[in-house]
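Notes follow once the structure below has been shown.
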Amino acid sequence: MSGRALELRASTVDGVSLEDGDLLLACAVYVREPEGTGRYHDALIRVKDGISDREELECPLLLDGGSLALNGDKFDEVLPLPLDEEGEVALLLVPAESSEFVVRGSGIEIELLPSN
């Protein structure tokens, strides 16, 4: 992957909410730039029509890894940016301190929030 990318390992899920049927993950994510540098950004990961296989998530969750299956393609540990795609989604997140969970939906969008 040669462009900008979100690294799941060492990112943090700070909150989970529902908005208009979409599951929102408020996160602090590590973004790697094409030249190899990187930094943390606040981000919203929106899984359209999202359903988690866990009823409750105790945040914050420091992630130890994960993957994204999107329309038959699989991305392990690193997600391409920008990302705003429709289709079958399975986002597997692996917290460092608890069991993994999967969020499934009909699309995914990652929005990096402006720095303060």
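Ordered as shown in the structure tokens, chains take letters A, B, and onward, while each chain numbers its residues from 1 and ligands are numbered from 1 in the order shown.
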Worksheet item: Could you pull out all residues of stretch 51-92 of chain A with a DSSP call of strand (DSSP E or B) and give them as JSON, numbers by chain?
Response: {"A": [51, 52, 61, 62, 63, 64, 65, 66, 67, 68, 69, 70, 73, 74, 75, 76, 78, 79, 80, 83, 84, 85, 86, 87, 88, 89, 90, 91, 92]}
Can you list every residue of stretch 38-116 of chain A that has an atom at most 9 Å from stretch 17-30 of chain A, with its nearest atom pair and the distance in Å to one decimal, using only C-alpha atoms, ordered by chain then number, as CSV?
residue,atom,partner,partner_atom,distance
A:Gly38,CA,A:Tyr30,CA,6.8
A:Arg39,CA,A:Tyr30,CA,5.6
A:Tyr40,CA,A:Tyr30,CA,4.4
A:His41,CA,A:Val29,CA,5.4
A:Asp42,CA,A:Ala28,CA,4.5
A:Ala43,CA,A:Cys27,CA,5.2
A:Leu44,CA,A:Ala26,CA,4.8
A:Ile45,CA,A:Leu25,CA,5.0
A:Arg46,CA,A:Leu24,CA,4.7
A:Val47,CA,A:Leu23,CA,5.2
A:Lys48,CA,A:Asp22,CA,4.5
A:Asp49,CA,A:Asp22,CA,4.6
A:Gly50,CA,A:Leu23,CA,4.7
A:Ile51,CA,A:Leu23,CA,6.9
A:Ser52,CA,A:Leu23,CA,8.2
A:Pro60,CA,A:Cys27,CA,8.9
A:Val103,CA,A:Leu23,CA,8.3
A:Gly105,CA,A:Asp22,CA,8.3
A:Leu112,CA,A:Val29,CA,8.8
Item to complete: Identify, on the basis of only C-alpha atoms, every residue whose closest approach to A:Val89 does not exceed 10 Å; exclude the query and any residue fewer than 3 positions from it along the same chain; express the result as a ChimeraX atom specification.
Response: /A:47-50,68-74,85-86,92,102-108
Practice prompt. Would you please work out which residue, of A:Gly3, A:Ser11, A:Glu35, A:Asp53, is nearest to A:Ala90 when using only C-alpha atoms?
Written response: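 Nearest candidate to A:Ala90 out of A:Gly3, A:Ser11, A:Glu35, A:Asp53: A:Asp53.
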Discussion item. Could you list, as a list in words, every residue within 9 Å of A:Leu8, counting only C-alpha atoms and ignoring same-chain residues fewer than 6 positions away?
Written reply: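 Final neighbour list, sorted by chain and number: Val29, Tyr30, Leu63, Asp64, Gly65, Gly66, Ser67, Asp76, Glu77, Val78, Leu79, Leu93 and Val94 of chain A.
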Worksheet item: Do you have the atom CA of A:Leu83-atom CA of A:Ser98 distance handy?
Response: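 Separating atom CA of A:Leu83 from atom CA of A:Ser98 is a distance of 26.8 Å.
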Discussion item. To one decimal place in Å, what is the distance between atom CA of A:Glu111 and atom CA of A:Leu61?
Written reply: 18.9 Å
